[in-house]
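Peer 1: Input file: final_12.txt. Contents: compact mmCIF, C-alpha atoms.
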```txt
# COMPACT_ATOMS: atom_id res chain seq x y z
CA MET A 1 5.81 0.24 4.00
CA LEU A 2 3.19 1.95 6.16
CA THR A 3 -0.02 3.16 4.50
CA SER A 4 -2.68 5.40 6.01
CA ARG A 5 -6.01 6.48 4.56
CA PHE A 6 -8.30 9.09 6.01
CA SER A 7 -11.48 10.92 5.05
CA GLY A 8 -12.38 14.53 4.27
CA PRO A 9 -10.77 15.09 1.77
CA PRO A 10 -9.82 11.52 0.91
CA SER A 11 -6.10 10.98 0.43
CA THR A 12 -3.45 8.34 0.87
CA VAL A 13 -0.23 8.78 2.82
CA HIS A 14 2.49 6.14 2.80
CA SER A 15 6.00 5.90 4.17
CA SER A 16 8.72 3.31 4.54
CA SER A 17 9.55 1.44 7.73
CA ALA A 18 12.81 -0.49 8.13
CA PRO A 19 13.79 -1.97 11.52
CA GLU A 20 17.45 -1.83 12.50
CA THR A 21 19.12 -5.21 12.97
CA ALA A 22 22.62 -6.67 13.00
CA THR A 23 22.84 -7.38 9.28
CA PRO A 24 25.28 -7.50 6.37
CA ILE A 25 24.03 -4.04 5.37
CA ARG A 26 24.99 -2.57 8.74
CA SER A 27 28.47 -4.12 8.44
CA LEU A 28 28.97 -2.15 5.21
CA SER A 29 28.38 1.09 7.17
CA PRO A 30 26.73 3.24 4.48
CA THR A 31 26.98 6.96 5.15
CA GLY A 32 23.21 7.38 4.90
CA LYS A 33 20.01 5.43 4.30
CA PHE A 34 17.20 6.90 2.21
CA PRO A 35 13.79 5.59 1.09
CA ILE A 36 13.01 5.95 -2.61
CA LEU A 37 9.23 5.63 -2.73
CA LEU A 38 7.93 5.26 -6.29
CA GLY A 39 4.25 6.18 -6.40
CA GLU A 40 1.44 7.63 -8.50
CA LEU A 41 -0.61 10.82 -8.49
CA TRP A 42 -4.09 11.59 -9.83
CA ASN A 43 -5.44 15.06 -10.48
CA ALA A 44 -8.63 13.86 -8.82
CA ASN A 45 -9.98 12.56 -5.57
CA VAL A 46 -8.51 9.05 -5.40
CA VAL A 47 -11.68 7.70 -3.79
CA ASP A 48 -13.70 9.07 -6.72
CA VAL A 49 -11.32 7.30 -9.11
CA GLN A 50 -11.94 4.05 -7.29
CA ARG A 51 -15.70 4.57 -7.11
CA LEU A 52 -15.92 5.37 -10.83
CA ALA A 53 -14.08 2.16 -11.69
CA ALA A 54 -16.38 0.15 -9.43
CA ALA A 55 -19.50 1.79 -10.87
CA THR A 56 -18.57 1.31 -14.52
CA GLY A 57 -16.87 -2.05 -14.16
CA ALA A 58 -13.77 -0.79 -15.94
CA SER A 59 -10.16 -0.34 -14.87
CA PRO A 60 -9.35 2.81 -12.87
CA ASN A 61 -8.37 5.87 -14.88
CA LEU A 62 -4.65 6.08 -15.60
CA SER A 63 -2.68 8.21 -13.17
CA ASP A 64 -1.56 11.70 -14.21
CA ALA A 65 1.98 11.29 -12.90
CA PHE A 66 4.43 8.95 -11.27
CA THR A 67 6.29 10.27 -8.24
CA ILE A 68 9.57 9.87 -6.36
CA ASN A 69 9.03 10.43 -2.64
CA GLY A 70 5.81 12.27 -3.42
CA TRP A 71 7.20 14.60 -6.12
CA PRO A 72 6.35 14.13 -9.82
CA GLY A 73 9.49 15.97 -10.92
CA ASP A 74 10.24 18.59 -13.53
CA LEU A 75 9.00 16.67 -16.59
CA TYR A 76 5.41 17.35 -15.47
CA PRO A 77 3.89 20.86 -15.85
CA CYS A 78 2.55 20.77 -12.28
CA SER A 79 6.00 20.51 -10.68
CA LYS A 80 8.46 22.20 -13.02
CA HIS A 81 10.56 23.44 -10.10
CA GLN A 82 9.77 20.76 -7.53
CA MET A 83 11.41 17.36 -7.31
CA TYR A 84 12.98 15.06 -4.77
CA GLU A 85 16.64 15.96 -4.12
CA LEU A 86 19.23 13.72 -2.47
CA THR A 87 22.55 15.30 -1.44
CA ALA A 88 25.62 13.04 -1.41
CA LEU A 89 29.19 13.48 -0.23
CA PRO A 90 31.75 12.56 -2.90
CA GLY A 91 33.23 9.11 -2.37
CA LYS A 92 30.61 8.02 0.18
CA THR A 93 28.23 5.07 -0.13
CA TYR A 94 24.49 5.29 0.50
CA LEU A 95 21.75 2.71 0.99
CA LEU A 96 18.63 3.38 -1.09
CA ARG A 97 15.51 1.44 -0.12
CA ILE A 98 13.48 1.45 -3.35
CA ILE A 99 9.76 0.72 -2.91
CA ASN A 100 7.27 0.37 -5.74
CA ALA A 101 4.06 1.83 -4.29
CA ALA A 102 2.38 2.27 -7.67
CA VAL A 103 -1.03 0.70 -8.19
CA ASN A 104 -0.48 -1.51 -11.22
CA SER A 105 2.79 -0.56 -12.91
CA GLN A 106 6.14 -2.26 -12.88
CA LEU A 107 8.81 0.44 -12.89
CA PHE A 108 12.35 0.85 -14.16
CA TYR A 109 14.57 2.98 -11.89
CA LYS A 110 17.95 4.39 -12.83
CA VAL A 111 20.48 7.00 -11.65
CA ALA A 112 22.55 8.67 -14.37
CA ASN A 113 26.16 7.39 -14.62
CA HIS A 114 25.94 5.35 -11.40
CA LYS A 115 26.02 1.64 -10.69
CA LEU A 116 23.67 0.17 -8.10
CA THR A 117 24.51 -2.89 -6.02
CA VAL A 118 21.43 -4.85 -4.95
CA VAL A 119 21.89 -6.24 -1.43
CA ALA A 120 18.30 -7.13 -0.46
CA ILE A 121 14.84 -7.63 -1.94
CA ASP A 122 11.65 -7.60 0.12
CA SER A 123 13.84 -7.43 3.26
CA SER A 124 15.69 -10.65 2.39
CA TYR A 125 19.41 -10.46 1.68
CA THR A 126 20.83 -11.20 -1.75
CA GLU A 127 24.22 -11.91 -3.17
CA PRO A 128 25.60 -8.52 -4.29
CA TYR A 129 24.16 -7.86 -7.76
CA ILE A 130 25.64 -4.96 -9.70
CA THR A 131 23.36 -3.24 -12.20
CA ASP A 132 22.64 0.17 -13.65
CA VAL A 133 18.87 -0.33 -13.64
CA VAL A 134 16.40 -1.72 -11.10
CA VAL A 135 12.98 -3.15 -11.94
CA ALA A 136 10.28 -3.54 -9.31
CA ALA A 137 6.67 -4.68 -9.46
CA PRO A 138 3.97 -3.11 -7.26
CA GLY A 139 4.58 -4.03 -3.63
CA GLN A 140 8.18 -5.10 -4.15
CA THR A 141 11.18 -3.49 -2.47
CA VAL A 142 14.82 -3.42 -3.54
CA ASP A 143 17.70 -2.28 -1.31
CA VAL A 144 20.70 -0.99 -3.26
CA LEU A 145 24.05 0.58 -2.44
CA LEU A 146 25.08 3.64 -4.44
CA THR A 147 28.59 5.09 -4.25
CA ALA A 148 29.06 8.75 -5.15
CA ASP A 149 32.10 7.99 -7.32
CA GLN A 150 31.43 10.30 -10.26
CA PRO A 151 32.69 13.85 -10.91
CA VAL A 152 31.08 16.43 -8.62
CA GLY A 153 27.81 17.47 -10.23
CA SER A 154 24.09 16.71 -10.42
CA TYR A 155 22.58 13.48 -11.73
CA TYR A 156 18.93 12.74 -12.40
CA MET A 157 17.33 9.64 -10.92
CA ALA A 158 14.32 8.60 -12.98
CA ALA A 159 11.57 5.99 -13.11
CA ARG A 160 9.25 4.95 -15.92
CA PRO A 161 6.86 2.01 -16.46
CA TYR A 162 7.85 -1.36 -17.79
CA ALA A 163 4.90 -2.48 -19.92
CA ASN A 164 4.77 -5.21 -22.54
CA ALA A 165 1.27 -6.69 -22.27
CA LEU A 166 -0.41 -7.28 -25.62
CA VAL A 167 -4.06 -8.07 -26.35
CA ALA A 168 -4.79 -9.22 -29.89
CA GLY A 169 -1.44 -7.78 -30.92
CA ALA A 170 -2.12 -4.32 -29.47
CA LEU A 171 -0.27 -2.86 -26.48
CA VAL A 172 -2.41 -2.49 -23.37
CA THR A 173 -2.83 1.19 -22.49
CA PHE A 174 -0.61 2.41 -19.67
CA ALA A 175 0.60 5.71 -18.19
CA ASN A 176 3.67 6.27 -20.36
CA THR A 177 5.33 9.08 -18.40
CA THR A 178 8.58 9.55 -16.49
CA THR A 179 9.20 10.88 -13.01
CA ARG A 180 12.56 12.10 -11.87
CA GLY A 181 14.44 13.42 -8.87
CA VAL A 182 18.05 14.51 -8.61
CA LEU A 183 21.22 13.27 -6.91
CA VAL A 184 23.34 16.32 -6.06
CA TYR A 185 26.96 16.01 -4.99
CA ASP A 186 27.99 18.30 -2.15
CA GLY A 187 29.91 21.17 -3.72
CA SER A 188 28.10 20.98 -7.06
CA PRO A 189 27.35 24.39 -8.65
CA SER A 190 23.73 25.31 -8.00
CA GLN A 191 23.17 26.16 -11.66
CA ALA A 192 24.56 22.84 -12.93
CA THR A 193 22.26 20.99 -15.33
CA PRO A 194 21.76 17.40 -14.12
CA LEU A 195 22.68 14.51 -16.39
CA MET A 196 19.73 12.37 -17.48
CA PRO A 197 20.00 8.55 -17.44
CA ALA A 198 19.25 6.61 -20.60
CA LEU A 199 16.17 4.72 -19.46
CA PRO A 200 15.22 1.37 -21.00
CA ALA A 201 12.42 1.29 -23.54
CA PHE A 202 9.09 0.70 -21.83
CA ASN A 203 8.88 -2.78 -23.41
CA ASN A 204 12.46 -3.91 -22.80
CA THR A 205 11.55 -7.38 -21.60
CA PRO A 206 15.08 -8.86 -21.90
CA MET A 207 16.45 -6.22 -19.53
CA ALA A 208 13.60 -6.67 -17.04
CA ASN A 209 13.89 -10.45 -17.16
CA LYS A 210 17.67 -10.30 -16.68
CA PHE A 211 17.18 -8.32 -13.48
CA TYR A 212 14.30 -10.38 -12.12
CA THR A 213 16.01 -13.72 -12.73
CA GLY A 214 19.57 -12.66 -11.88
CA LEU A 215 18.99 -12.18 -8.15
CA LYS A 216 20.08 -14.90 -5.72
CA ALA A 217 19.68 -15.29 -1.97
CA LEU A 218 22.69 -14.71 0.26
CA VAL A 219 23.17 -18.16 1.79
CA GLY A 220 23.85 -18.00 5.52
CA ALA A 221 22.64 -14.42 5.94
CA PRO A 222 20.51 -13.53 8.97
CA PHE A 223 17.02 -15.02 8.66
CA TRP A 224 18.02 -17.04 5.58
CA GLU A 225 16.21 -20.36 5.29
CA PRO A 226 17.23 -23.26 3.03
CA VAL A 227 14.73 -24.66 0.55
CA PRO A 228 12.64 -27.39 2.22
CA LEU A 229 12.99 -30.46 0.02
CA LYS A 230 10.03 -32.40 1.44
CA VAL A 231 6.79 -31.04 -0.01
CA ASP A 232 3.52 -31.77 1.77
CA HIS A 233 1.08 -30.09 -0.62
CA LYS A 234 1.24 -29.16 -4.30
CA MET A 235 -0.95 -26.58 -6.02
CA PHE A 236 -1.19 -25.39 -9.62
CA VAL A 237 -2.91 -22.01 -9.61
CA THR A 238 -3.92 -20.13 -12.74
CA ILE A 239 -4.21 -16.37 -12.43
CA GLY A 240 -6.31 -14.19 -14.69
CA LEU A 241 -8.78 -11.45 -15.25
CA ALA A 242 -12.46 -12.31 -15.37
CA LEU A 243 -15.86 -10.82 -16.02
CA GLU A 244 -18.92 -10.78 -13.83
CA PRO A 245 -22.43 -9.62 -14.70
CA CYS A 246 -23.41 -6.17 -13.50
CA PRO A 247 -25.66 -6.24 -10.44
CA ALA A 248 -29.24 -5.11 -10.97
CA ASN A 249 -29.93 -1.36 -10.86
CA THR A 250 -26.29 -0.35 -11.40
CA SER A 251 -24.58 1.78 -14.03
CA CYS A 252 -22.05 -0.74 -15.35
CA ASN A 253 -21.06 -0.44 -19.00
CA GLY A 254 -21.38 -4.14 -19.62
CA PRO A 255 -19.85 -6.86 -17.43
CA LYS A 256 -17.54 -5.78 -14.62
CA LEU A 257 -13.88 -6.67 -14.39
CA SER A 258 -12.72 -8.96 -11.62
CA ALA A 259 -9.87 -11.37 -11.01
CA SER A 260 -9.75 -15.11 -10.52
CA MET A 261 -7.55 -17.96 -9.33
CA ASN A 262 -8.35 -21.40 -10.74
CA ASN A 263 -11.54 -19.84 -12.10
CA GLU A 264 -12.72 -18.80 -8.62
CA SER A 265 -13.32 -15.09 -8.02
CA PHE A 266 -13.18 -14.25 -4.31
CA VAL A 267 -16.20 -12.79 -2.53
CA GLU A 268 -15.26 -11.05 0.71
CA PRO A 269 -17.46 -11.88 3.71
CA THR A 270 -19.55 -8.92 4.85
CA SER A 271 -20.38 -9.74 8.46
CA ILE A 272 -17.20 -11.33 9.82
CA SER A 273 -13.61 -11.81 8.68
CA LEU A 274 -12.24 -15.15 7.50
CA LEU A 275 -9.86 -15.36 10.46
CA GLN A 276 -12.64 -14.66 12.94
CA ALA A 277 -14.85 -17.25 11.30
CA PHE A 278 -12.05 -19.82 11.43
CA TYR A 279 -11.03 -19.05 15.01
CA HIS A 280 -14.58 -19.06 16.38
CA ASN A 281 -15.70 -21.94 14.13
CA VAL A 282 -18.48 -19.89 12.56
CA LYS A 283 -20.25 -21.90 9.88
CA GLY A 284 -21.49 -20.64 6.52
CA VAL A 285 -18.82 -17.98 5.98
CA TYR A 286 -16.50 -19.96 3.70
CA THR A 287 -15.94 -23.43 2.32
CA ALA A 288 -12.62 -25.30 2.53
CA ASP A 289 -12.60 -26.56 -1.06
CA PHE A 290 -10.49 -24.08 -3.00
CA PRO A 291 -9.28 -26.13 -5.99
CA VAL A 292 -5.63 -27.21 -6.11
CA LYS A 293 -5.69 -27.02 -9.92
CA PRO A 294 -7.80 -25.29 -12.60
CA PRO A 295 -11.08 -26.99 -13.52
CA ILE A 296 -9.86 -27.60 -17.08
CA LYS A 297 -6.53 -27.57 -18.88
CA PHE A 298 -6.14 -25.17 -21.80
CA ASP A 299 -3.48 -23.24 -23.69
CA TYR A 300 -3.19 -20.69 -20.90
CA THR A 301 -1.20 -17.95 -22.67
CA ASN A 302 -2.74 -18.19 -26.15
CA ASP A 303 -4.88 -15.29 -27.39
CA THR A 304 -7.48 -17.77 -28.63
CA VAL A 305 -8.68 -18.39 -25.07
CA ASN A 306 -10.76 -15.24 -25.50
CA ASN A 307 -12.74 -16.88 -28.31
CA ASN A 308 -14.45 -18.94 -25.62
CA LEU A 309 -16.79 -16.50 -23.88
CA PRO A 310 -17.76 -18.77 -20.94
CA MET A 311 -14.09 -18.97 -19.93
CA GLN A 312 -14.12 -15.23 -19.27
CA PHE A 313 -16.65 -15.59 -16.45
CA ALA A 314 -15.38 -16.97 -13.16
CA THR A 315 -17.35 -18.55 -10.34
CA LYS A 316 -17.97 -16.17 -7.42
CA SER A 317 -17.08 -17.89 -4.18
CA THR A 318 -15.50 -17.66 -0.74
CA LYS A 319 -13.21 -20.67 -0.72
CA VAL A 320 -10.04 -21.40 1.23
CA THR A 321 -7.38 -24.08 1.42
CA LYS A 322 -6.65 -25.40 4.91
CA LEU A 323 -3.06 -26.42 5.68
CA LYS A 324 -1.47 -28.00 8.72
CA PHE A 325 0.88 -25.80 10.71
CA ASN A 326 4.48 -25.92 9.46
CA SER A 327 3.59 -27.83 6.31
CA THR A 328 5.46 -27.11 3.07
CA VAL A 329 3.52 -26.06 -0.01
CA GLU A 330 4.73 -25.97 -3.60
CA ILE A 331 2.71 -23.53 -5.71
CA ILE A 332 3.05 -23.13 -9.45
CA PHE A 333 1.50 -19.82 -10.43
CA GLN A 334 0.48 -19.82 -14.09
CA ASN A 335 -0.47 -16.56 -15.78
CA THR A 336 -3.24 -16.68 -18.38
CA ASN A 337 -4.25 -14.54 -21.32
CA ILE A 338 -7.93 -14.39 -20.41
CA LEU A 339 -9.00 -10.83 -21.26
CA GLY A 340 -5.28 -10.07 -21.68
CA PRO A 341 -2.15 -10.75 -19.63
CA GLU A 342 -1.43 -9.02 -16.34
CA ASN A 343 1.73 -8.87 -14.24
CA HIS A 344 -0.26 -9.98 -11.18
CA PRO A 345 1.98 -9.32 -8.17
CA MET A 346 1.32 -12.23 -5.79
CA HIS A 347 1.65 -11.56 -2.07
CA LEU A 348 1.22 -14.12 0.71
CA HIS A 349 0.53 -11.91 3.68
CA GLY A 350 2.94 -12.53 6.54
CA PHE A 351 5.06 -15.05 4.62
CA ASP A 352 8.30 -15.09 2.67
CA PHE A 353 8.74 -17.74 -0.02
CA HIS A 354 11.45 -19.13 -2.27
CA ILE A 355 11.23 -18.29 -5.99
CA LEU A 356 12.58 -21.54 -7.44
CA ALA A 357 12.11 -20.56 -11.10
CA GLN A 358 10.27 -18.13 -13.34
CA GLY A 359 9.64 -18.01 -17.05
CA PHE A 360 7.33 -17.25 -19.94
CA GLY A 361 4.49 -19.16 -21.56
CA ASN A 362 2.90 -22.34 -20.25
CA TYR A 363 4.53 -24.33 -17.45
CA ASN A 364 6.07 -27.59 -18.65
CA PRO A 365 6.31 -30.12 -15.80
CA ILE A 366 9.14 -32.00 -17.53
CA THR A 367 11.49 -29.32 -18.82
CA ASP A 368 10.74 -26.54 -16.32
CA ARG A 369 11.39 -28.65 -13.23
CA LYS A 370 14.98 -29.02 -14.40
CA LYS A 371 15.36 -25.25 -14.01
CA LEU A 372 14.52 -25.17 -10.29
CA ASN A 373 17.13 -23.50 -8.09
CA LEU A 374 17.18 -25.42 -4.82
CA ILE A 375 20.47 -23.95 -3.57
CA ASN A 376 20.18 -20.16 -3.37
CA PRO A 377 16.86 -19.04 -4.86
CA GLN A 378 15.76 -15.51 -4.15
CA ILE A 379 13.40 -15.05 -1.21
CA ARG A 380 10.51 -12.61 -1.54
CA ASN A 381 7.15 -11.74 -0.05
CA THR A 382 5.77 -10.38 -3.34
CA GLN A 383 6.35 -11.85 -6.79
CA PHE A 384 5.01 -10.76 -10.15
CA LEU A 385 3.97 -13.27 -12.81
CA CYS A 386 5.61 -13.16 -16.23
CA GLN A 387 3.34 -12.06 -19.04
```
What would the structure in this file look like if it were written as structure tokens?

Peer 2:
Amino acid sequence: MLTSRFSGPPSTVHSSSAPETATPIRSLSPTGKFPILLGELWNANVVDVQRLAAATGASPNLSDAFTINGWPGDLYPCSKHQMYELTALPGKTYLLRIINAAVNSQLFYKVANHKLTVVAIDSSYTEPYITDVVVAAPGQTVDVLLTADQPVGSYYMAARPYANALVAGALVTFANTTTRGVLVYDGSPSQATPLMPALPAFNNTPMANKFYTGLKALVGAPFWEPVPLKVDHKMFVTIGLALEPCPANTSCNGPKLSASMNNESFVEPTSISLLQAFYHNVKGVYTADFPVKPPIKFDYTNDTVNNNLPMQFATKSTKVTKLKFNSTVEIIFQNTNILGPENHPMHLHGFDFHILAQGFGNYNPITDRKKLNLINPQIRNTQFLCQ
């Protein structure tokens, strides 16, 4: 996905980019290939939304609409007669490249009365996985094949959030709205009323988990890599929200929100980038002592962690882990319930990685290691953490 930001008035423009290669998808010869970009819209200057969140220390205001290829769709008052429309020839197969470009929402996506065959995730090929609903976390992509095999007519495609995070038994506030576009068969009457898909409930965790865990890599596909069995470095990394005191002379409403890994909250260098500092051996920019495990063990996903106020404040630091070229790293990402659970999409820039296992609750080094898939685990560049 390509993203561009510019000033006066501030806006964000993003589009998909998919290089053509000799791949299993090309061998299937779909009639057409279309991006399905799932995004968000604010009835405000997006830079002002960001600045307000930074000034108050709170989360950004919820978006006013979700979008499909830039259009909110006819369920929103602002676009009653405007929505994304995809025209299909009866009997033909199309490749849809679904991209979740929302800020902080996992999204269900469904096309009424149609099956979708997943063939790739994050540009890595999968075994064909047939489903009627796709789930994607922010930053993730899913390539699916859709065959126009239904009676000639119009069919809504729709997306809504998947949200199940609870804090003290209460659901975390989220933008509970639905965006939709329409799949129109060539020859369909112009006045035909589209069929609406039955979307999953916003908190349908079993359905989301079935999709996320059901995907497998296509062994032997172009660019496929087997799981390296010799591990050089092991890391156990807890992920969570954190608080930090408001700087002096600011308008924060109490402590500001931040994020942490192993109780370290990253401080970005102001005068030089990390890569420049490393390449030119500039001292004093960072330290090479990022912890390989959390400073203390605790019941990571228990609500009672929030009874311990000091645990909510993370150390501010600029720490890195140095690795030898071509070394293999095993990372266990553990979600926490500090200040409430988050889906935390994890992205290692420039790298794909094998998802050997995923699950709920606290990681158990004895029982959970038996669940590792070392044969055909899915390969991604962005992975969310279970709540």

Peer 1: For the atom pair CA of Asp74 in chain A and CA of Arg180 in chain A, what is the interatomic distance in Å to one decimal place?

Peer 2: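 Separation of CA of Asp74 in chain A and CA of Arg180 in chain A: 7.1 Å.
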
Peer 1: Just want the 10 Å neighbourhood of Pro138 in chain A, counted on all atoms listed in the file, with same-chain residues fewer than 3 positions away dropped. Output as a ChimeraX atom specification.

Peer 2: /A:38-39,99-107,141,343-346,382-384

Peer 1: In terms of the shortest atom-to-atom distance over only C-alpha atoms, which of A:Gly240, A:Pro245, A:Pro206, A:Pro269 is closest to Gly340 in chain A?

Peer 2: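 Using only C-alpha atoms, the shortest distance to Gly340 in chain A belongs to A:Gly240.
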
Peer 1: Using all atoms listed in the file for the distances, tell me which of A:Thr178, A:Thr131, A:Asn43, A:Ser154 is nearest to Ile68 in chain A.

Peer 2: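 Distance minimum relative to Ile68 in chain A lands on A:Thr178.
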
Peer 1: Counting all atoms listed in the file, figure out which residue out of A:Thr213, A:Thr250, A:Ser271, A:Ser59 gets nearest to Lys371 in chain A.

Peer 2: A:Thr213

Peer 1: So which residues touch Ile36 in chain A within 12 Å, counting all atoms listed in the file, skipping near sequence neighbours fewer than 3 positions away, as a ChimeraX atom specification?

Peer 2: /A:1,14-17,33,39,67-71,84-86,94-101,109-111,134,136,141-144,157-159,180-183

Peer 1: Can those selected residues be exported to a file as a PDB file, in the frame of the given file so that it contains C-alpha atoms?

Peer 2:
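The resulting again22.pdb:
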```
ATOM      1  CA  MET A   1       5.810   0.240   4.000  1.00  0.00           C
ATOM      2  CA  HIS A  14       2.490   6.140   2.800  1.00  0.00           C
ATOM      3  CA  SER A  15       6.000   5.900   4.170  1.00  0.00           C
ATOM      4  CA  SER A  16       8.720   3.310   4.540  1.00  0.00           C
ATOM      5  CA  SER A  17       9.550   1.440   7.730  1.00  0.00           C
ATOM      6  CA  LYS A  33      20.010   5.430   4.300  1.00  0.00           C
ATOM      7  CA  GLY A  39       4.250   6.180  -6.400  1.00  0.00           C
ATOM      8  CA  THR A  67       6.290  10.270  -8.240  1.00  0.00           C
ATOM      9  CA  ILE A  68       9.570   9.870  -6.360  1.00  0.00           C
ATOM     10  CA  ASN A  69       9.030  10.430  -2.640  1.00  0.00           C
ATOM     11  CA  GLY A  70       5.810  12.270  -3.420  1.00  0.00           C
ATOM     12  CA  TRP A  71       7.200  14.600  -6.120  1.00  0.00           C
ATOM     13  CA  TYR A  84      12.980  15.060  -4.770  1.00  0.00           C
ATOM     14  CA  GLU A  85      16.640  15.960  -4.120  1.00  0.00           C
ATOM     15  CA  LEU A  86      19.230  13.720  -2.470  1.00  0.00           C
ATOM     16  CA  TYR A  94      24.490   5.290   0.500  1.00  0.00           C
ATOM     17  CA  LEU A  95      21.750   2.710   0.990  1.00  0.00           C
ATOM     18  CA  LEU A  96      18.630   3.380  -1.090  1.00  0.00           C
ATOM     19  CA  ARG A  97      15.510   1.440  -0.120  1.00  0.00           C
ATOM     20  CA  ILE A  98      13.480   1.450  -3.350  1.00  0.00           C
ATOM     21  CA  ILE A  99       9.760   0.720  -2.910  1.00  0.00           C
ATOM     22  CA  ASN A 100       7.270   0.370  -5.740  1.00  0.00           C
ATOM     23  CA  ALA A 101       4.060   1.830  -4.290  1.00  0.00           C
ATOM     24  CA  TYR A 109      14.570   2.980 -11.890  1.00  0.00           C
ATOM     25  CA  LYS A 110      17.950   4.390 -12.830  1.00  0.00           C
ATOM     26  CA  VAL A 111      20.480   7.000 -11.650  1.00  0.00           C
ATOM     27  CA  VAL A 134      16.400  -1.720 -11.100  1.00  0.00           C
ATOM     28  CA  ALA A 136      10.280  -3.540  -9.310  1.00  0.00           C
ATOM     29  CA  THR A 141      11.180  -3.490  -2.470  1.00  0.00           C
ATOM     30  CA  VAL A 142      14.820  -3.420  -3.540  1.00  0.00           C
ATOM     31  CA  ASP A 143      17.700  -2.280  -1.310  1.00  0.00           C
ATOM     32  CA  VAL A 144      20.700  -0.990  -3.260  1.00  0.00           C
ATOM     33  CA  MET A 157      17.330   9.640 -10.920  1.00  0.00           C
ATOM     34  CA  ALA A 158      14.320   8.600 -12.980  1.00  0.00           C
ATOM     35  CA  ALA A 159      11.570   5.990 -13.110  1.00  0.00           C
ATOM     36  CA  ARG A 180      12.560  12.100 -11.870  1.00  0.00           C
ATOM     37  CA  GLY A 181      14.440  13.420  -8.870  1.00  0.00           C
ATOM     38  CA  VAL A 182      18.050  14.510  -8.610  1.00  0.00           C
ATOM     39  CA  LEU A 183      21.220  13.270  -6.910  1.00  0.00           C
TER      40      LEU A 183
END
```

Peer 1: I'd like to know which of A:Ala242, A:Leu41, A:Ala53, A:Val47 is closest to Tyr76 in chain A, using all atoms listed in the file.

Peer 2: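 Checking each candidate against Tyr76 in chain A, we get A:Leu41 as the closest.
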
Peer 1: Could you tell me how far CA of Val135 in chain A lies from CA of Met207 in chain A, in Å and to one decimal?

Peer 2: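 Separating CA of Val135 in chain A from CA of Met207 in chain A is a distance of 8.9 Å.
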
Peer 1: Any idea what the distance is between CA of Gly153 in chain A and CA of Ser188 in chain A?

Peer 2: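 Pair CA of Gly153 in chain A / CA of Ser188 in chain A returns 4.7 Å.
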
Peer 1: Which is closest to His354 in chain A among A:Ser124, A:Thr87, A:Asn45, A:Gln276, if we use all atoms listed in the file?

Peer 2: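 Closest to His354 in chain A of all the choices is A:Ser124.
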
Peer 1: For Thr315 in chain A, list every protein, DNA or RNA residue within 10 Å, evaluated using only C-alpha atoms, and leave out those in the same chain fewer than 4 positions away; present the list as an MDAnalysis selection string.

Peer 2: chainID A and resid 242:244 260:267

Peer 1: May I have the residues within 12 Å of Leu274 in chain A as a PyMOL selection string, using only C-alpha atoms and disregarding those fewer than 6 positions away in the same chain?

Peer 2: chain A and resi 266-268+280-288+318-322

Peer 1: Counting all atoms listed in the file, which of A:Val292, A:Val227, A:Ala248, A:Val152 gets nearest to Ile331 in chain A?

Peer 2: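 Residue with the minimum atom-to-atom distance to Ile331 in chain A: A:Val292.
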
Peer 1: As a compact mmCIF listing (two decimals) with C-alpha atoms, in the coordinates of the input, please: the residues near range 196-204 of chain A (cut-off 7 Å, only C-alpha atoms, same-chain neighbours under 3 positions excluded).

Peer 2:
```txt
# COMPACT_ATOMS: atom_id res chain seq x y z
CA LYS A 110 17.95 4.39 -12.83
CA VAL A 111 20.48 7.00 -11.65
CA ALA A 112 22.55 8.67 -14.37
CA ASN A 113 26.16 7.39 -14.62
CA TYR A 155 22.58 13.48 -11.73
CA TYR A 156 18.93 12.74 -12.40
CA PRO A 161 6.86 2.01 -16.46
CA TYR A 162 7.85 -1.36 -17.79
CA ALA A 163 4.90 -2.48 -19.92
CA ASN A 164 4.77 -5.21 -22.54
CA MET A 207 16.45 -6.22 -19.53
CA ALA A 208 13.60 -6.67 -17.04
```

Peer 1: If I wrap all listed atoms of range 113-120 of chain A in a box with edges along x, y and z and add 5 Å on each side, what are its centre and edge lengths in Å to one decimal, as lines of an AutoDock Vina configuration file?

Peer 2:
```
center_x = 22.2
center_y = 0.1
center_z = -7.5
size_x = 17.9
size_y = 24.5
size_z = 24.2
```

Peer 1: Is it possible to produce a file of range 133-148 of chain A from this structure, with C-alpha atoms, as a short mmCIF file (atom, residue, chain, number, x, y, z; two decimals), in the first residue's frame?

Peer 2:
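For reference, part.cif as written:
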```cif
data_model
loop_
_atom_site.label_atom_id
_atom_site.label_comp_id
_atom_site.auth_asym_id
_atom_site.auth_seq_id
_atom_site.Cartn_x
_atom_site.Cartn_y
_atom_site.Cartn_z
CA VAL A 133 -16.13 -13.82 5.58
CA VAL A 134 -12.66 -12.28 5.77
CA VAL A 135 -11.14 -10.70 8.87
CA ALA A 136 -8.17 -8.34 8.67
CA ALA A 137 -6.31 -6.30 11.25
CA PRO A 138 -4.91 -2.84 10.46
CA GLY A 139 -2.04 -3.16 7.99
CA GLN A 140 -2.93 -6.68 6.89
CA THR A 141 -3.84 -7.67 3.34
CA VAL A 142 -5.86 -10.63 2.08
CA ASP A 143 -6.05 -11.71 -1.57
CA VAL A 144 -9.24 -13.60 -2.42
CA LEU A 145 -10.83 -15.06 -5.54
CA LEU A 146 -14.52 -14.36 -6.09
CA THR A 147 -16.52 -16.14 -8.80
CA ALA A 148 -19.66 -14.44 -10.09
#
```
